[in-house]
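S.K.: Sharing model.cif, mmCIF, C-alpha atoms:
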```
data_final
#
loop_
_atom_site.label_atom_id
_atom_site.label_comp_id
_atom_site.auth_asym_id
_atom_site.auth_seq_id
_atom_site.Cartn_x
_atom_site.Cartn_y
_atom_site.Cartn_z
CA MET A 239 267.03 107.95 255.88
CA ILE A 240 267.26 108.27 259.62
CA PRO A 241 270.82 108.56 261.00
CA LEU A 242 271.45 106.38 264.01
CA PRO A 243 273.06 107.47 267.32
CA GLY A 244 276.80 107.93 267.38
CA GLU A 245 277.02 108.64 263.65
CA ARG A 246 279.06 111.81 264.00
CA ALA A 247 281.78 110.15 266.10
CA ARG A 248 281.93 107.13 263.81
CA SER A 249 282.13 109.29 260.69
CA MET A 250 285.62 110.33 261.76
CA MET A 251 286.73 106.72 261.16
CA ARG A 252 285.47 106.79 257.57
CA GLY A 253 288.12 106.18 254.98
CA MET A 254 290.50 104.62 257.51
CA THR A 255 289.57 101.03 256.68
CA GLU A 256 290.62 98.65 253.94
CA LEU A 257 288.06 97.57 251.37
CA TRP A 258 286.27 94.22 251.43
CA SER A 259 287.99 91.10 250.17
CA GLU A 260 286.25 89.97 247.01
CA SER A 261 286.25 86.41 248.36
CA GLY A 262 284.45 87.45 251.55
CA ALA A 263 280.98 86.10 252.31
CA GLY A 264 278.25 88.17 250.67
CA VAL A 265 280.64 90.52 248.85
CA LEU A 266 279.42 91.71 245.45
CA ARG A 267 281.84 93.20 242.93
CA LEU A 268 280.14 95.83 240.79
CA PRO A 269 281.36 96.36 237.22
CA SER A 270 283.35 99.45 238.30
CA GLY A 271 285.25 97.33 240.81
CA ARG A 272 283.42 98.69 243.86
CA LEU A 273 282.85 96.00 246.49
CA VAL A 274 279.70 95.95 248.64
CA ARG A 275 278.73 93.33 251.20
CA GLY A 276 275.16 92.12 251.41
CA ARG A 277 274.05 90.38 254.57
CA GLY A 278 271.06 88.98 256.40
CA LEU A 279 270.81 90.39 259.92
CA ARG A 280 269.16 87.18 261.17
CA HIS A 281 272.46 85.40 260.52
CA PRO A 282 275.12 86.17 263.13
CA LEU A 283 278.15 88.05 261.88
CA ASP A 284 281.29 85.92 262.00
CA PRO A 285 283.44 87.44 264.77
CA ALA A 286 286.51 87.01 262.54
CA ALA A 287 284.86 88.84 259.62
CA PRO A 288 285.82 92.46 259.00
CA THR A 289 283.29 95.05 260.09
CA PRO A 290 281.88 97.67 257.76
CA SER A 291 282.83 101.30 257.92
CA TYR A 292 279.22 102.07 256.92
CA GLY A 293 276.08 99.95 257.08
CA LEU A 294 272.74 100.69 255.46
CA TYR A 295 269.93 98.73 257.10
CA LEU A 296 266.69 98.11 255.23
CA LEU A 297 264.08 97.25 257.84
CA GLY A 298 260.49 98.04 258.77
CA LYS A 299 261.63 99.25 262.20
CA GLN A 300 264.76 100.92 263.52
CA PRO A 301 267.67 98.47 263.80
CA PRO A 302 269.78 98.09 266.92
CA GLU A 303 272.80 100.34 267.25
CA VAL A 304 276.06 99.08 265.75
CA PRO A 305 279.63 100.23 266.47
CA TRP A 306 280.13 101.68 262.96
CA GLU A 307 278.48 104.49 261.07
CA SER A 308 275.08 103.43 259.84
CA GLY A 309 271.81 104.52 258.36
CA TRP A 310 268.32 103.10 258.29
CA LEU A 311 265.91 103.10 255.40
CA ARG A 312 262.35 102.14 256.36
CA TRP A 313 261.64 99.19 254.07
CA PRO A 314 259.09 96.58 255.23
CA ASP A 315 259.78 92.93 254.43
CA PHE A 316 258.68 91.80 250.93
CA ARG A 317 257.80 95.38 250.01
CA LEU A 318 259.43 98.49 248.59
CA PRO A 319 261.03 101.42 250.42
CA SER A 320 258.50 103.58 252.24
CA ASP A 321 260.08 106.74 250.80
CA ARG A 322 261.40 106.11 247.30
CA ALA A 323 263.06 109.52 246.96
CA ALA A 324 264.98 108.92 250.21
CA ALA A 325 265.84 105.42 248.98
CA ARG A 326 267.40 106.82 245.81
CA GLY A 327 269.48 109.24 247.87
CA VAL A 328 270.77 106.73 250.43
CA LEU A 329 271.50 104.12 247.76
CA ALA A 330 273.45 106.70 245.74
CA ASP A 331 275.34 107.62 248.93
CA ALA A 332 276.14 103.93 249.61
CA TRP A 333 277.37 103.52 246.02
CA GLU A 334 279.61 106.60 246.38
CA ARG A 335 280.99 105.41 249.72
CA ALA A 336 281.78 101.96 248.29
CA ALA A 337 284.53 103.53 246.18
CA GLY A 338 286.67 103.90 249.30
CA GLU A 339 284.86 102.33 252.26
CA ARG A 340 283.56 98.95 253.39
CA VAL A 341 279.83 99.36 252.80
CA GLU A 342 277.34 96.78 254.03
CA ILE A 343 273.72 96.59 252.87
CA ALA A 344 271.52 94.37 255.03
CA CYS A 345 267.94 93.39 255.75
CA GLY A 346 266.50 90.53 257.80
CA GLY A 347 267.28 87.64 255.47
CA GLY A 348 269.74 89.26 253.08
CA ARG A 349 267.90 88.37 249.87
CA GLY A 350 264.79 90.41 249.03
CA ARG A 351 265.41 93.96 250.19
CA THR A 352 269.19 93.54 250.21
CA GLY A 353 269.19 92.00 246.73
CA THR A 354 266.92 94.76 245.46
CA ALA A 355 269.20 97.45 246.91
CA LEU A 356 272.30 95.74 245.47
CA ALA A 357 270.60 95.59 242.06
CA CYS A 358 269.89 99.33 242.34
CA LEU A 359 273.59 99.89 243.12
CA ALA A 360 274.39 97.87 239.99
CA VAL A 361 272.13 100.23 238.00
CA LEU A 362 273.98 103.22 239.48
CA ASP A 363 277.21 101.46 238.46
CA GLY A 364 276.10 101.22 234.81
CA VAL A 365 274.24 97.90 234.57
CA PRO A 366 271.01 98.42 232.60
CA GLY A 367 267.91 98.18 234.80
CA GLU A 368 266.61 95.22 232.77
CA GLU A 369 269.82 93.26 233.54
CA ALA A 370 270.54 94.31 237.13
CA VAL A 371 268.51 91.59 238.88
CA ALA A 372 270.20 88.88 236.82
CA TYR A 373 273.59 90.44 237.58
CA VAL A 374 272.96 90.33 241.34
CA ARG A 375 271.57 86.80 241.18
CA ARG A 376 274.64 85.67 239.26
CA HIS A 377 277.22 87.42 241.48
CA TYR A 378 275.58 87.62 244.93
CA ASP A 379 272.67 85.21 245.56
CA ARG A 380 270.60 83.29 243.04
CA HIS A 381 267.46 83.97 245.11
CA ALA A 382 268.04 87.73 245.44
CA VAL A 383 265.16 90.12 244.67
CA GLU A 384 262.16 88.09 245.80
CA THR A 385 259.00 89.73 244.48
CA PRO A 386 257.70 90.93 241.11
CA TRP A 387 257.35 94.50 242.44
CA GLN A 388 260.97 94.47 243.64
CA ARG A 389 262.04 93.41 240.12
CA ARG A 390 259.93 96.22 238.59
CA TYR A 391 261.43 98.71 241.06
CA VAL A 392 264.95 97.79 239.93
CA ARG A 393 263.99 98.01 236.23
CA SER A 394 262.55 101.47 236.74
CA PHE A 395 265.33 102.64 239.09
CA GLY A 396 267.50 103.71 236.17
CA GLU A 397 264.70 105.67 234.55
CA THR A 398 264.34 108.26 237.32
#
```
Kindly present the structure from the file in structure tokens form.

M.R.:
Amino acid sequence: MIPLPGERARSMMRGMTELWSESGAGVLRLPSGRLVRGRGLRHPLDPAAPTPSYGLYLLGKQPPEVPWESGWLRWPDFRLPSDRAAARGVLADAWERAAGERVEIACGGGRGRTGTALACLAVLDGVPGEEAVAYVRRHYDRHAVETPWQRRYVRSFGET
């Protein structure tokens, strides 16, 4: 993961925000009750929507700076994370943060990479790897996790 500029200043705001509303667009409730928002960066953020306290951006190139704490995981479209060990670490961090912060996971369209990452968070939250894709499709987006290798990645995520 590559921290983005301004992270240190924004980290002071961590924990000072309310959690997501379960009825909010793109919000996934994990079995533990943690709420995480998935989003497609190509779709403009509603100005009335709450902002995250932390965003994890899954893109092939560095995302633009945002006014909240954020991280970037190099993850090309329709593929898997470039560094799978780093991916495990940043996804575990996002899962931990979601217990008390508004965490957003986003890629370009909000389905493939985002869905895959959300399914990995579901695995970290106790959903068996074989069921995590179905869980995310049922509770987030029925088209989430787009490729066979993304589905295999989620299934094996719990084994490492």

S.K.: Using only C-alpha atoms, which of the listed residues (A:Gly309, A:Gly298, A:Pro290, A:Pro319) sits closest to Thr354 (chain A)?

M.R.: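 The shortest atom-to-atom distance to Thr354 (chain A) comes from A:Pro319.
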
S.K.: Suppose a student applies the PyMOL selection byres ((chain A and resi 378) around 12) to this structure; what residues should they get, written as a PyMOL selection string?

M.R.: chain A and resi 260-268+273-277+348-350+352-357+360+370-377+379-383

S.K.: As a check of understanding, name the residues that the PyMOL selection byres ((chain A and resi 323-326) around 9) selects in the supplied structure, as a PyMOL selection string.

M.R.: chain A and resi 239+311-312+319-322+327-331+355+358+395

S.K.: Considering all atoms listed in the file, state which residue in the set A:Leu362, A:Ile343, A:Leu297, A:Val392 is at the smallest distance from Asp315 (chain A).

M.R.: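 Among the listed residues, the smallest separation from Asp315 (chain A) belongs to A:Leu297.
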
S.K.: What is the CA of Arg340 (chain A)-CA of Pro386 (chain A) distance in Å, reported with one decimal?

M.R.: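 Computed distance, CA of Arg340 (chain A) to CA of Pro386 (chain A), equals 29.7 Å.
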
S.K.: What is the distance, in Å and to one decimal place, between CA of Asp363 (chain A) and CA of Thr385 (chain A)?

M.R.: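 One can read the CA of Asp363 (chain A) to CA of Thr385 (chain A) distance as 22.5 Å.
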
S.K.: Take the PyMOL selection byres ((chain A and resi 393) around 9), run it mentally on this structure, and tell me the resulting residues as an MDAnalysis selection string.

M.R.: chainID A and resid 358 361 366:371 388:392 394:397

S.K.: May I ask which of the residues A:Pro269, A:Gly364, A:Pro301, A:Gly338 is the closest one to Trp313 (chain A), counting all atoms listed in the file?

M.R.: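 Using all atoms listed in the file, the shortest distance to Trp313 (chain A) belongs to A:Pro301.
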
S.K.: Here is a test: counting all atoms listed in the file, which residue of A:Gly278, A:Phe316, A:Glu342, A:Glu256 is nearest to Gly293 (chain A)?

M.R.: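 For Gly293 (chain A), the nearest of the candidates is A:Glu342.
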
S.K.: I'd like to know which of A:Leu296, A:Trp387, A:Gly346, A:Ala336 is closest to Ser270 (chain A), using all atoms listed in the file.

M.R.: A:Ala336

S.K.: Around all the atoms of region 384-390 of chain A listed in the file, draw an axis-aligned box and extend it by 6 Å on each of the six sides; I want its centre and edge lengths in Å to one decimal, as AutoDock Vina command-line options.

M.R.:
```
--center_x 259.8 --center_y 92.2 --center_z 242.2 --size_x 16.8 --size_y 20.1 --size_z 19.2
```

S.K.: Report the distance between CA of Ala344 (chain A) and CA of Pro302 (chain A) in Å, rounded to one decimal place.

M.R.: 12.6 Å
